[in-house]
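File shown: structure_25.txt (compact mmCIF, C-alpha atoms and all ligand atoms).
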# COMPACT_ATOMS: atom_id res chain seq x y z
CA MET A 192 81.16 32.11 93.18
CA ASP A 193 81.07 32.36 89.39
CA LYS A 194 77.88 32.10 87.44
CA LYS A 195 78.65 28.69 85.95
CA LYS A 196 79.25 27.16 89.37
CA ILE A 197 75.90 28.42 90.67
CA THR A 198 74.17 27.01 87.62
CA ASN A 199 75.78 23.59 88.08
CA MET A 200 74.74 23.49 91.71
CA GLU A 201 71.23 24.51 90.81
CA VAL A 202 70.99 21.83 88.15
CA LYS A 203 72.26 19.23 90.59
CA LYS A 204 69.73 20.30 93.22
CA LYS A 205 66.92 20.31 90.67
CA ASN A 206 67.87 16.79 89.58
CA ARG A 207 68.06 15.50 93.16
CA ASN A 208 64.70 17.00 93.85
CA ALA A 209 63.11 15.57 90.73
CA VAL A 210 64.62 12.12 91.38
CA PHE A 211 63.26 12.05 94.92
CA ARG A 212 59.77 13.09 93.73
CA TYR A 213 59.93 10.45 90.99
CA ILE A 214 60.74 7.73 93.53
CA CYS A 215 57.99 8.91 95.90
CA GLN A 216 55.47 8.73 93.06
CA ASN A 217 56.59 5.42 91.63
CA GLY A 218 57.28 3.30 94.70
CA ILE A 219 60.02 0.82 93.85
CA VAL A 220 62.39 1.86 91.08
CA SER A 221 65.98 1.27 89.94
CA ASN A 222 68.78 3.55 88.83
CA PRO A 223 68.32 2.50 85.17
CA ASP A 224 64.56 3.30 85.50
CA ILE A 225 65.37 6.76 86.83
CA SER A 226 67.97 7.35 84.14
CA TYR A 227 65.66 6.26 81.33
CA ASN A 228 62.44 7.92 82.47
CA MET A 229 63.98 11.15 83.68
CA LYS A 230 66.47 11.45 80.82
CA ILE A 231 69.54 11.83 83.02
CA SER A 232 72.73 9.80 82.72
CA LEU A 233 73.04 6.56 84.66
CA PRO A 234 76.11 7.80 86.62
CA THR A 235 74.15 10.95 87.62
CA ALA A 236 71.13 8.89 88.72
CA THR A 237 73.40 6.51 90.67
CA GLN A 238 75.24 9.40 92.35
CA ILE A 239 71.99 11.08 93.40
CA THR A 240 70.42 7.93 94.82
CA LYS A 241 73.68 7.19 96.69
CA GLU A 242 73.48 10.62 98.35
CA LEU A 243 69.80 10.17 99.20
CA ILE A 244 70.56 6.74 100.75
CA ALA A 245 73.33 8.34 102.84
CA GLU A 246 70.78 10.90 104.09
CA GLY A 247 68.38 8.17 105.10
CA LEU A 248 65.71 9.23 102.60
CA LEU A 249 66.07 6.21 100.30
CA GLU A 250 66.71 2.54 100.91
CA GLU A 251 67.70 -0.50 98.91
CA ASN A 252 65.16 -3.32 98.85
CA GLY A 253 66.95 -6.24 97.19
CA GLU A 254 66.98 -6.56 93.42
CA LEU A 255 64.40 -6.06 90.70
CA GLN A 256 63.39 -8.86 88.34
CA SER A 257 65.79 -8.85 85.43
CA THR A 258 64.77 -8.95 81.80
CA GLY A 259 68.29 -10.00 80.89
CA GLY A 260 71.64 -8.68 82.00
CA ARG A 261 72.59 -7.66 85.50
CA ARG A 262 69.82 -7.29 88.04
CA ALA A 263 69.26 -3.69 89.14
CA LYS A 264 68.99 -2.71 92.78
CA ALA A 265 65.46 -1.96 93.92
CA LEU A 266 65.21 1.50 95.49
CA SER A 267 62.36 3.08 97.40
CA ALA A 268 61.77 6.13 99.56
CA VAL A 269 61.93 5.70 103.33
CA ILE A 270 58.43 7.05 103.73
CA GLY A 271 58.65 7.28 107.50
CA ALA A 272 61.98 9.14 107.41
CA ARG A 273 60.23 12.43 108.06
CA LEU A 274 56.80 13.29 109.43
CA ALA A 275 54.58 16.36 109.31
CA VAL A 276 51.68 17.52 111.43
CA GLY A 277 48.67 19.45 110.22
CA LEU A 278 46.60 21.46 112.70
CA ASP A 279 43.30 22.93 111.56
CA ILE A 280 41.92 25.61 113.86
CA THR A 281 38.20 26.37 113.55
CA LYS A 282 35.71 28.22 115.74
CA ASN A 283 34.71 25.17 117.76
CA HIS A 284 37.18 22.39 116.95
CA ILE A 285 40.74 21.53 116.19
CA ALA A 286 41.71 18.75 113.79
CA LEU A 287 45.09 17.04 113.87
CA VAL A 288 46.72 14.99 111.14
CA LEU A 289 50.05 13.17 111.08
CA THR A 290 51.51 12.31 107.68
CA ASN A 291 54.65 10.66 106.35
CA ILE A 292 56.87 12.05 103.61
CA VAL A 293 54.59 10.94 100.78
CA GLY A 294 51.58 12.56 102.40
CA GLU A 295 49.80 9.44 103.66
CA ILE A 296 47.61 10.06 106.70
CA LEU A 297 49.02 8.09 109.66
CA LYS A 298 46.60 9.43 112.24
CA TYR A 299 43.68 11.85 112.36
CA GLU A 300 41.73 13.28 115.26
CA ARG A 301 39.08 16.00 115.62
CA ILE A 302 38.62 17.51 119.06
CA TYR A 303 35.97 19.88 120.41
CA GLN A 304 37.92 22.96 121.48
CA PRO A 305 36.22 26.36 121.13
CA TYR A 306 38.61 29.05 119.97
CA VAL A 307 39.76 31.67 122.44
CA CYS A 308 42.38 34.24 121.55
CA ALA A 309 44.47 33.65 124.64
CA GLU A 310 47.75 32.03 125.60
CA ALA A 311 45.92 29.35 127.56
CA TYR A 312 44.22 28.17 124.33
CA TYR A 313 47.48 27.73 122.44
CA ARG A 314 49.11 26.07 125.42
CA GLU A 315 46.23 23.62 125.56
CA ILE A 316 46.29 22.74 121.86
CA SER A 317 50.06 22.30 122.03
CA GLU A 318 49.52 19.79 124.87
CA LYS A 319 46.83 18.04 122.82
CA LEU A 320 49.23 17.86 119.91
CA GLU A 321 51.89 16.20 122.09
CA HIS A 322 49.32 13.72 123.37
CA PHE A 323 48.28 12.98 119.77
CA LEU A 324 51.94 12.37 118.86
CA ASP A 325 52.41 10.10 121.89
CA GLU A 326 49.45 8.02 120.79
CA SER A 327 50.91 7.83 117.28
CA ASN A 328 54.31 6.71 118.65
CA ALA A 329 55.78 9.48 116.53
CA ASP A 330 59.52 10.02 116.76
CA ARG A 331 59.79 13.76 117.52
CA ASP A 332 63.18 14.01 115.78
CA LYS A 333 61.52 13.13 112.49
CA ILE A 334 58.92 15.89 112.68
CA LEU A 335 59.57 18.56 110.07
CA GLY A 336 57.02 20.97 111.45
CA VAL A 337 53.40 21.85 112.06
CA GLY A 338 51.26 23.29 109.30
CA ILE A 339 48.57 25.47 110.85
CA SER A 340 45.37 26.09 108.91
CA PHE A 341 43.52 29.17 110.09
CA PRO A 342 40.15 30.57 108.96
CA GLY A 343 41.45 34.03 108.13
CA ILE A 344 43.72 36.09 105.91
CA ILE A 345 47.29 34.86 106.20
CA ASP A 346 49.82 37.52 105.16
CA LEU A 347 53.07 35.67 104.40
CA ASP A 348 54.97 38.95 103.89
CA LYS A 349 54.00 40.56 107.18
CA GLU A 350 54.04 37.11 108.85
CA GLN A 351 50.74 37.64 110.55
CA ILE A 352 47.12 36.57 110.53
CA THR A 353 45.70 39.85 109.21
CA TYR A 354 42.20 39.10 110.40
CA SER A 355 39.64 36.45 110.97
CA HIS A 356 36.05 37.66 111.28
CA ILE A 357 34.83 34.25 112.38
CA LEU A 358 37.34 34.01 115.25
CA GLY A 359 37.22 37.73 115.99
CA VAL A 360 40.96 38.35 115.77
CA GLU A 361 43.10 40.90 113.98
CA ALA A 362 46.84 41.31 113.30
CA VAL A 363 48.05 38.19 115.13
CA PRO A 364 51.81 37.73 114.52
CA PHE A 365 52.79 34.16 113.54
CA ASP A 366 55.40 34.26 116.33
CA SER A 367 52.76 34.71 119.00
CA VAL A 368 51.24 31.35 117.94
CA SER A 369 54.36 29.39 116.97
CA ALA A 370 55.96 30.24 120.34
CA PHE A 371 53.74 27.56 121.90
CA PHE A 372 54.96 24.73 119.65
CA PRO A 373 58.40 23.11 119.82
CA TYR A 374 58.45 22.63 116.01
CA PRO A 375 58.76 24.95 113.03
CA CYS A 376 55.30 26.32 112.17
CA PHE A 377 53.86 27.08 108.72
CA PHE A 378 50.65 29.07 108.36
CA LEU A 379 48.00 28.93 105.69
CA ASN A 380 44.40 29.92 105.16
CA ASP A 381 41.82 27.11 105.56
CA ALA A 382 40.51 27.22 101.97
CA ASN A 383 44.08 27.30 100.68
CA ALA A 384 44.87 24.28 102.85
CA GLY A 385 41.86 22.37 101.50
CA ALA A 386 42.87 23.25 97.93
CA TYR A 387 46.42 22.15 98.63
CA ALA A 388 45.24 18.73 99.82
CA GLU A 389 43.20 18.36 96.61
CA GLY A 390 46.01 19.51 94.37
CA PHE A 391 48.96 17.76 96.00
CA HIS A 392 48.57 14.52 94.09
CA SER A 393 47.16 16.03 90.93
CA ASP A 394 48.90 16.30 87.56
CA GLU A 395 51.29 19.16 87.12
CA GLU A 396 49.06 20.76 84.51
CA GLU A 397 45.96 20.73 86.67
CA ARG A 398 44.40 24.06 87.51
CA PHE A 399 41.21 24.34 89.52
CA PHE A 400 39.23 26.57 91.84
CA TYR A 401 38.49 25.13 95.28
CA LEU A 402 35.22 26.46 96.69
CA SER A 403 35.20 25.86 100.42
CA LEU A 404 31.61 25.57 101.67
CA SER A 405 31.96 25.27 105.42
CA ASN A 406 30.40 27.48 108.10
CA THR A 407 32.09 30.29 106.25
CA VAL A 408 32.61 30.32 102.48
CA GLY A 409 36.07 30.76 100.99
CA GLY A 410 38.05 29.64 98.04
CA ALA A 411 41.48 29.18 96.51
CA ILE A 412 43.03 28.94 93.08
CA PHE A 413 45.43 26.03 92.57
CA GLY A 414 47.67 25.75 89.53
CA ASN A 415 51.19 24.62 88.61
CA ASN A 416 51.36 22.79 91.93
CA GLU A 417 50.98 26.03 93.83
CA LEU A 418 48.37 28.29 95.37
CA VAL A 419 47.75 31.69 93.87
CA GLN A 420 48.02 34.17 96.74
CA GLY A 421 47.11 37.61 95.37
CA LYS A 422 48.44 41.04 96.22
CA ASN A 423 46.93 41.03 99.73
CA PHE A 424 46.86 37.25 100.20
CA ARG A 425 43.10 37.35 99.63
CA CYS A 426 42.91 35.54 96.32
CA GLY A 427 39.78 33.40 96.10
CA GLU A 428 37.85 35.09 98.94
CA VAL A 429 34.60 34.52 97.07
CA GLY A 430 32.55 34.29 100.27
CA HIS A 431 32.30 38.07 100.04
CA MET A 432 31.50 38.23 96.35
CA THR A 433 28.11 39.96 95.93
CA VAL A 434 25.46 37.60 94.59
CA VAL A 435 22.39 39.70 95.47
CA MET A 436 22.39 43.50 95.40
CA ASP A 437 21.52 44.76 98.93
CA GLY A 438 20.65 41.19 99.89
CA GLU A 439 20.92 39.33 103.20
CA SER A 440 23.33 40.61 105.86
CA CYS A 441 26.74 38.96 105.90
CA TYR A 442 28.82 38.56 109.05
CA CYS A 443 31.39 40.86 107.40
CA GLY A 444 28.99 43.79 107.71
CA LYS A 445 28.05 44.02 104.02
CA ARG A 446 24.92 42.79 102.28
CA GLY A 447 24.31 40.18 99.64
CA CYS A 448 27.61 38.29 99.97
CA LEU A 449 27.74 34.64 98.86
CA ASP A 450 28.50 33.65 102.45
CA ALA A 451 25.08 34.98 103.51
CA TYR A 452 23.47 32.35 101.22
CA CYS A 453 25.88 29.43 100.94
CA ALA A 454 27.55 28.94 104.32
CA ALA A 455 26.99 25.31 105.41
CA TRP A 456 24.87 26.31 108.42
CA HIS A 457 22.07 27.40 106.05
CA LEU A 458 21.57 23.67 105.52
CA SER A 459 22.61 22.17 108.86
CA ASP A 460 20.43 24.56 110.89
CA ALA A 461 17.44 22.70 109.47
CA ALA A 462 18.77 19.45 110.95
CA ASP A 463 19.87 20.30 114.51
CA GLY A 464 23.20 21.53 113.24
CA LYS A 465 24.04 18.19 111.62
CA LEU A 466 24.86 18.48 107.95
CA GLU A 467 24.86 14.73 107.26
CA GLN A 468 21.36 14.62 108.72
CA PHE A 469 20.27 17.41 106.41
CA PHE A 470 21.40 15.35 103.41
CA SER A 471 19.58 12.28 104.75
CA MET A 472 16.42 14.37 105.04
CA LEU A 473 16.96 15.52 101.47
CA ASP A 474 17.46 11.92 100.28
CA GLN A 475 14.22 10.93 102.05
CA GLY A 476 12.30 13.62 100.20
CA ASN A 477 11.68 15.91 103.18
CA VAL A 478 9.75 18.88 101.75
CA GLU A 479 11.40 21.52 103.93
CA ALA A 480 14.90 20.18 103.13
CA ILE A 481 14.14 20.16 99.40
CA LYS A 482 13.00 23.79 99.59
CA ILE A 483 16.15 24.89 101.45
CA TRP A 484 18.42 22.93 99.08
CA ASP A 485 16.71 24.43 96.06
CA SER A 486 17.28 27.97 97.28
CA TYR A 487 20.85 27.16 98.39
CA THR A 488 21.80 25.70 95.01
CA ASP A 489 20.25 28.67 93.14
CA TYR A 490 22.83 30.98 94.75
CA LEU A 491 25.59 28.41 94.58
CA ALA A 492 25.04 28.05 90.82
CA ILE A 493 25.36 31.84 90.37
CA ALA A 494 28.67 31.80 92.23
CA VAL A 495 30.03 28.74 90.42
CA ASN A 496 29.11 30.16 87.04
CA ASN A 497 30.70 33.53 87.88
CA ILE A 498 33.92 31.92 89.09
CA HIS A 499 34.04 29.75 85.99
CA MET A 500 33.56 32.77 83.72
CA VAL A 501 36.62 34.40 85.26
CA LEU A 502 38.91 31.39 85.47
CA ASP A 503 37.69 28.83 82.91
CA CYS A 504 38.75 25.83 84.98
CA ASP A 505 37.18 23.05 87.06
CA ILE A 506 35.42 24.12 90.24
CA VAL A 507 35.93 21.69 93.12
CA LEU A 508 33.27 21.91 95.83
CA GLY A 509 35.01 21.45 99.17
CA GLY A 510 34.45 22.15 102.83
CA TYR A 511 31.58 20.55 104.78
CA VAL A 512 29.02 20.81 101.96
CA GLY A 513 31.47 19.63 99.27
CA SER A 514 32.20 16.57 101.40
CA CYS A 515 28.52 15.63 101.73
CA VAL A 516 27.20 16.65 98.33
CA GLY A 517 27.60 13.19 96.76
CA THR A 518 24.63 12.28 94.58
CA HIS A 519 23.34 15.86 94.53
CA LEU A 520 26.21 17.12 92.41
CA GLN A 521 24.18 16.62 89.27
CA GLU A 522 21.46 19.01 90.53
CA ILE A 523 24.08 21.70 91.05
CA TRP A 524 25.57 21.06 87.61
CA ASP A 525 22.13 21.31 85.99
CA LYS A 526 21.63 24.76 87.53
CA VAL A 527 25.16 25.89 86.62
CA ALA A 528 24.73 24.59 83.07
CA GLY A 529 21.51 26.56 82.82
CA ARG A 530 23.46 29.75 83.52
CA ASN A 531 26.50 28.94 81.41
CA THR A 532 26.61 30.97 78.20
CA PHE A 533 29.00 28.57 76.47
CA GLY A 534 27.12 25.33 76.96
CA GLU A 535 29.93 22.97 77.93
CA LYS A 536 29.03 19.29 77.52
CA ASP A 537 31.06 17.98 80.42
CA SER A 538 30.56 19.11 83.96
CA PHE A 539 33.32 21.27 85.37
CA VAL A 540 31.81 21.04 88.87
CA LYS A 541 33.43 18.31 90.97
CA ALA A 542 33.13 17.18 94.57
CA CYS A 543 36.33 17.19 96.61
CA ASN A 544 38.30 13.94 97.01
CA TYR A 545 39.35 14.66 100.58
CA LYS A 546 36.16 14.58 102.58
CA VAL A 547 37.67 14.39 106.03
CA ALA A 548 40.48 16.47 107.44
CA ALA A 549 41.20 18.27 104.17
CA ALA A 550 42.46 21.50 105.73
CA ALA A 551 44.61 19.74 108.35
CA LEU A 552 46.00 17.42 105.67
CA GLY A 553 46.72 20.31 103.30
CA ALA A 554 48.57 22.13 106.08
CA ALA A 555 50.71 19.04 106.75
CA LEU A 556 51.38 18.59 103.02
CA LYS A 557 52.64 22.17 102.81
CA VAL A 558 55.25 21.25 105.44
CA ILE A 559 56.24 18.14 103.45
CA GLU A 560 56.46 20.12 100.21
CA THR A 561 58.65 22.77 101.82
CA PHE A 562 61.06 20.02 102.88
CA VAL A 563 60.98 18.08 99.60
CA SER A 564 61.58 21.22 97.53
CA GLN A 565 64.82 21.75 99.46
CA ILE A 566 66.17 18.19 99.05
ZN ZN A 601 30.53 39.32 103.41

Represent the structure contained in this file as C-alpha cells.
Amino acid sequence: MDKKKITNMEVKKKNRNAVFRYICQNGIVSNPDISYNMKISLPTATQITKELIAEGLLEENGELQSTGGRRAKALSAVIGARLAVGLDITKNHIALVLTNIVGEILKYERIYQPYVCAEAYYREISEKLEHFLDESNADRDKILGVGISFPGIIDLDKEQITYSHILGVEAVPFDSVSAFFPYPCFFLNDANAGAYAEGFHSDEEERFFYLSLSNTVGGAIFGNNELVQGKNFRCGEVGHMTVVMDGESCYCGKRGCLDAYCAAWHLSDAADGKLEQFFSMLDQGNVEAIKIWDSYTDYLAIAVNNIHMVLDCDIVLGGYVGSCVGTHLQEIWDKVAGRNTFGEKDSFVKACNYKVAAAALGAALKVIETFVSQI
C-alpha cells in the first residue's frame, strides 16, 4: 500500500469517528449540520452517515424543521446498538453497571461479595453478571465487552494485575480472570476508572487530578481525554506519598503514607462503618466527628496542595469521601488555600460528579471508547 492511500484511509476513518462522536454529543442532527459544524463537504458527510446507517449505528428520524429550502433528514445515533458492562471489584463488594453507546447508565447493582482469589469467586461473579444482564433484558449480541475495575496496579504491557495489597494478590494474568467471562474483558485500576467516568463527558481541553478517597487512597491524572499511565502504570498512586515523616503505619508496610491518614475508614469507623452516618454526625455538630474531620482534612489539605503544586490543575475529590463531602468542600478548600503559596482566588478543589458507581461506570465507558475509537 502506498503512503498516500494509507493517509486517505486514515483521514476517512478519522472523519467517520469524529462524525459519530458529534452525533452522539448533539442528539438529532442533519447532514448539512455535520458538514457546516465539522467543516467537511456535504457529500463526505452524507457518505459517512450512509455507512453508519448501514452498520446500524445511526438512524433516520423523519425530517428537521426547515428554515427555507429542502427539509434535511433528521439523524441520530442508535444509542442501544451496542452495550457495555462495567464490573468494579472491591474487597467486600462487586458493582455492576450496564451502559449504552453514549454512556448512559441503564442498570446498576452493588452486591456484597467478599473477594477471594479463587476460580470459584470468578465463576460466581460471572453468574451474577449473567443474572444482572437477564434482569436488564440485555441482548448479549450487542455487548461489546466487560470493563473490569480492580483496586491494584494494572500493567497493560505485561497484561497482568501486578499487585493489589488490599486484595492480597500478585501477578494475576488478565487471562486467568477473563477466562470466566464470555465477553472481551478490559482491565483498569479503580482510581483510573473513577477518573475516566469524570472525564468522559468533559471538554477536550480539561485536565484534572482525580483523588480517590475510598478505603484505600489512590489517584489518576486525566487529560486530553485519556489517562496518564506512567512508566510502571503507577501514575497517581498518591496513597503512598509521604505526608508525615515516620508517621502512622500504612498497610503497604511503610510509615507516614497519605493512606494512613485519609482512607475513608478513618471517618466511617467512628460511625459503625457507615460513612454517610459520619457526615450526618458532622452536620449535627457531634464533637468527636468534628475532631476526626479536622484532623482528616489537615492531612488531606497537605496532599491536595502538594498534588496541585506538581500538576497545576483542578483536583477532583472522588471515591467514598468525595461522594459524601458535599457542603464540607469549603472547609477543605480553606485549609488548602491556607497552604497554597500562590493564593488562587477560585477553588481548584471539586467534588466528583459521579457519586455512585463511578469505577464501574468508568470501566464500562472504557469499553465504549475502545469501540467508538475504531468506528
Ligand atoms: Zn503506604

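The spacing separating atom CA of A:Gly421 from atom CA of A:Phe371 amounts to 29.1 Å.
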
Report, in Å to a single decimal, how far apart atom CA of A:Cys308 and atom CA of A:Tyr354 are. 12.2 Å

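Going from atom CA of A:Trp456 to atom CA of A:Leu473 covers 15.1 Å.
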
Extract, using only C-alpha atoms, all DNA, RNA and protein residues at most 12 Å from A:Asn544, discarding same-chain residues fewer than 5 positions from it, and format them as an MDAnalysis selection string. chainID A and resid 385:393 401 507:510 513:517 549

In the coordinate frame of the file, compute which residues have an atom within 7 Å of (34.1, 37.5, 103.9) when using only C-alpha atoms, and state them as a list of chain:residue names.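 So the residues meeting the distance criterion are A:Glu428, A:Gly430, A:His431, A:Cys443, A:Asp450.
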
Write out, as an mmCIF file, in the frame of the given file, the residues just selected, with C-alpha atoms.
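Result file selection.cif:
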data_model
loop_
_atom_site.group_PDB
_atom_site.id
_atom_site.type_symbol
_atom_site.label_atom_id
_atom_site.label_comp_id
_atom_site.auth_asym_id
_atom_site.auth_seq_id
_atom_site.Cartn_x
_atom_site.Cartn_y
_atom_site.Cartn_z
ATOM 1 C CA GLU A 428 37.850 35.090 98.940
ATOM 2 C CA GLY A 430 32.550 34.290 100.270
ATOM 3 C CA HIS A 431 32.300 38.070 100.040
ATOM 4 C CA CYS A 443 31.390 40.860 107.400
ATOM 5 C CA ASP A 450 28.500 33.650 102.450
#

Shell of 12 Å around A:Val495, all atoms listed in the file, local chain residues under 2 positions omitted, as a PDB file with C-alpha atoms, in the frame of the given file:
ATOM      1  CA  PHE A 400      39.230  26.570  91.840  1.00  0.00           C
ATOM      2  CA  TYR A 401      38.490  25.130  95.280  1.00  0.00           C
ATOM      3  CA  LEU A 402      35.220  26.460  96.690  1.00  0.00           C
ATOM      4  CA  SER A 403      35.200  25.860 100.420  1.00  0.00           C
ATOM      5  CA  LEU A 404      31.610  25.570 101.670  1.00  0.00           C
ATOM      6  CA  GLY A 410      38.050  29.640  98.040  1.00  0.00           C
ATOM      7  CA  VAL A 429      34.600  34.520  97.070  1.00  0.00           C
ATOM      8  CA  GLY A 430      32.550  34.290 100.270  1.00  0.00           C
ATOM      9  CA  MET A 432      31.500  38.230  96.350  1.00  0.00           C
ATOM     10  CA  VAL A 434      25.460  37.600  94.590  1.00  0.00           C
ATOM     11  CA  LEU A 449      27.740  34.640  98.860  1.00  0.00           C
ATOM     12  CA  CYS A 453      25.880  29.430 100.940  1.00  0.00           C
ATOM     13  CA  THR A 488      21.800  25.700  95.010  1.00  0.00           C
ATOM     14  CA  ASP A 489      20.250  28.670  93.140  1.00  0.00           C
ATOM     15  CA  TYR A 490      22.830  30.980  94.750  1.00  0.00           C
ATOM     16  CA  LEU A 491      25.590  28.410  94.580  1.00  0.00           C
ATOM     17  CA  ALA A 492      25.040  28.050  90.820  1.00  0.00           C
ATOM     18  CA  ILE A 493      25.360  31.840  90.370  1.00  0.00           C
ATOM     19  CA  ASN A 497      30.700  33.530  87.880  1.00  0.00           C
ATOM     20  CA  ILE A 498      33.920  31.920  89.090  1.00  0.00           C
ATOM     21  CA  HIS A 499      34.040  29.750  85.990  1.00  0.00           C
ATOM     22  CA  MET A 500      33.560  32.770  83.720  1.00  0.00           C
ATOM     23  CA  VAL A 501      36.620  34.400  85.260  1.00  0.00           C
ATOM     24  CA  LEU A 502      38.910  31.390  85.470  1.00  0.00           C
ATOM     25  CA  ASP A 503      37.690  28.830  82.910  1.00  0.00           C
ATOM     26  CA  CYS A 504      38.750  25.830  84.980  1.00  0.00           C
ATOM     27  CA  ASP A 505      37.180  23.050  87.060  1.00  0.00           C
ATOM     28  CA  ILE A 506      35.420  24.120  90.240  1.00  0.00           C
ATOM     29  CA  VAL A 507      35.930  21.690  93.120  1.00  0.00           C
ATOM     30  CA  LEU A 508      33.270  21.910  95.830  1.00  0.00           C
ATOM     31  CA  ILE A 523      24.080  21.700  91.050  1.00  0.00           C
ATOM     32  CA  TRP A 524      25.570  21.060  87.610  1.00  0.00           C
ATOM     33  CA  ASP A 525      22.130  21.310  85.990  1.00  0.00           C
ATOM     34  CA  LYS A 526      21.630  24.760  87.530  1.00  0.00           C
ATOM     35  CA  VAL A 527      25.160  25.890  86.620  1.00  0.00           C
ATOM     36  CA  ALA A 528      24.730  24.590  83.070  1.00  0.00           C
ATOM     37  CA  GLY A 529      21.510  26.560  82.820  1.00  0.00           C
ATOM     38  CA  ARG A 530      23.460  29.750  83.520  1.00  0.00           C
ATOM     39  CA  ASN A 531      26.500  28.940  81.410  1.00  0.00           C
ATOM     40  CA  SER A 538      30.560  19.110  83.960  1.00  0.00           C
ATOM     41  CA  PHE A 539      33.320  21.270  85.370  1.00  0.00           C
ATOM     42  CA  VAL A 540      31.810  21.040  88.870  1.00  0.00           C
ATOM     43  CA  LYS A 541      33.430  18.310  90.970  1.00  0.00           C
TER      44      LYS A 541
END

Find, counting only C-alpha atoms, the residue in A:Leu278, A:Ile339, A:Ala542, A:Ala384 that gets nearest to A:Phe365.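 Using only C-alpha atoms, the shortest distance to A:Phe365 belongs to A:Ile339.
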
I need every residue sitting at most 6 Å from the point (64.9, -6.5, 94.8) (coordinates as in the file, all atoms listed in the file considered), written as a PDB file with C-alpha atoms, keeping the file's coordinate frame.
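For reference, out.pdb as written:
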ATOM      1  CA  ASN A 252      65.160  -3.320  98.850  1.00  0.00           C
ATOM      2  CA  GLY A 253      66.950  -6.240  97.190  1.00  0.00           C
ATOM      3  CA  GLU A 254      66.980  -6.560  93.420  1.00  0.00           C
ATOM      4  CA  LEU A 255      64.400  -6.060  90.700  1.00  0.00           C
ATOM      5  CA  LYS A 264      68.990  -2.710  92.780  1.00  0.00           C
ATOM      6  CA  ALA A 265      65.460  -1.960  93.920  1.00  0.00           C
TER       7      ALA A 265
END

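The protein and nucleic acid residues lying at most 10 Å from A:Leu320 are Val276, Gly277, Leu278, Ile285, Ala286, Leu287, Val288, Glu300, Arg314, Glu315, Ile316, Leu324, Asp325, Glu326, Val337 and Phe372 of chain A, with only C-alpha atoms considered and sequence neighbours fewer than 4 positions away removed.
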
Among the residues A:Tyr545, A:Phe413, A:Phe469, A:Tyr442, the one that comes closest to ligand ZN 601 (chain A) [using all atoms listed in the file]: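 Using all atoms listed in the file, the shortest distance to ligand ZN 601 (chain A) belongs to A:Tyr442.
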
May I have the residues within 7 Å of A:Val293 as a list in words, using only C-alpha atoms and disregarding those fewer than 2 positions away in the same chain? Cys215, Ile270, Asn291 and Glu295 of chain A

Save the residues we just selected, C-alpha atoms, as a short mmCIF file (atom, residue, chain, number, x, y, z; two decimals), in the frame of the given file?
data_model
loop_
_atom_site.label_atom_id
_atom_site.label_comp_id
_atom_site.auth_asym_id
_atom_site.auth_seq_id
_atom_site.Cartn_x
_atom_site.Cartn_y
_atom_site.Cartn_z
CA CYS A 215 57.99 8.91 95.90
CA ILE A 270 58.43 7.05 103.73
CA ASN A 291 54.65 10.66 106.35
CA GLU A 295 49.80 9.44 103.66
#

List the neighbours of A:Asp224 out to 12 Å using all atoms listed in the file; skip same-chain residues closer than 4 positions along the sequence, and give me the result as a PyMOL selection string. chain A and resi 210+213-214+217-220+228-233+236-237+240+255+263-266

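Between A:Arg212 and the residues A:Gly294, A:Phe470, A:Ile481, A:Ile280, the shortest atom-to-atom distance, using all atoms listed in the file, involves A:Gly294.
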
Just stretch 493-523 of chain A, please, as a JSON list (two decimals), in the first residue's frame (only C-alpha atoms).
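Below is the file part.json, written as the result:
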[["chain", "number", "residue", "atom", "x", "y", "z"],
["A", 493, "ILE", "CA", -1.33, 18.81, 52.59],
["A", 494, "ALA", "CA", -1.85, 16.17, 49.91],
["A", 495, "VAL", "CA", -4.11, 18.34, 47.75],
["A", 496, "ASN", "CA", -1.71, 21.25, 47.92],
["A", 497, "ASN", "CA", 1.27, 19.02, 47.04],
["A", 498, "ILE", "CA", -0.53, 17.47, 44.08],
["A", 499, "HIS", "CA", -1.58, 20.90, 42.88],
["A", 500, "MET", "CA", 1.99, 22.20, 43.12],
["A", 501, "VAL", "CA", 3.14, 19.42, 40.80],
["A", 502, "LEU", "CA", 0.31, 19.47, 38.28],
["A", 503, "ASP", "CA", -1.33, 22.92, 38.45],
["A", 504, "CYS", "CA", -4.79, 21.63, 37.61],
["A", 505, "ASP", "CA", -8.15, 21.02, 39.31],
["A", 506, "ILE", "CA", -8.23, 18.32, 41.97],
["A", 507, "VAL", "CA", -11.44, 16.28, 41.93],
["A", 508, "LEU", "CA", -12.21, 14.52, 45.22],
["A", 509, "GLY", "CA", -13.65, 11.12, 44.38],
["A", 510, "GLY", "CA", -14.19, 7.75, 45.97],
["A", 511, "TYR", "CA", -16.44, 7.29, 49.02],
["A", 512, "VAL", "CA", -15.37, 10.52, 50.76],
["A", 513, "GLY", "CA", -15.53, 12.60, 47.56],
["A", 514, "SER", "CA", -19.09, 11.37, 47.04],
["A", 515, "CYS", "CA", -20.22, 12.42, 50.53],
["A", 516, "VAL", "CA", -18.20, 15.59, 51.02],
["A", 517, "GLY", "CA", -20.96, 17.93, 49.79],
["A", 518, "THR", "CA", -21.21, 21.05, 51.94],
["A", 519, "HIS", "CA", -17.86, 20.39, 53.61],
["A", 520, "LEU", "CA", -15.88, 21.11, 50.47],
["A", 521, "GLN", "CA", -15.41, 24.71, 51.52],
["A", 522, "GLU", "CA", -13.66, 23.64, 54.75],
["A", 523, "ILE", "CA", -11.18, 21.59, 52.72]]
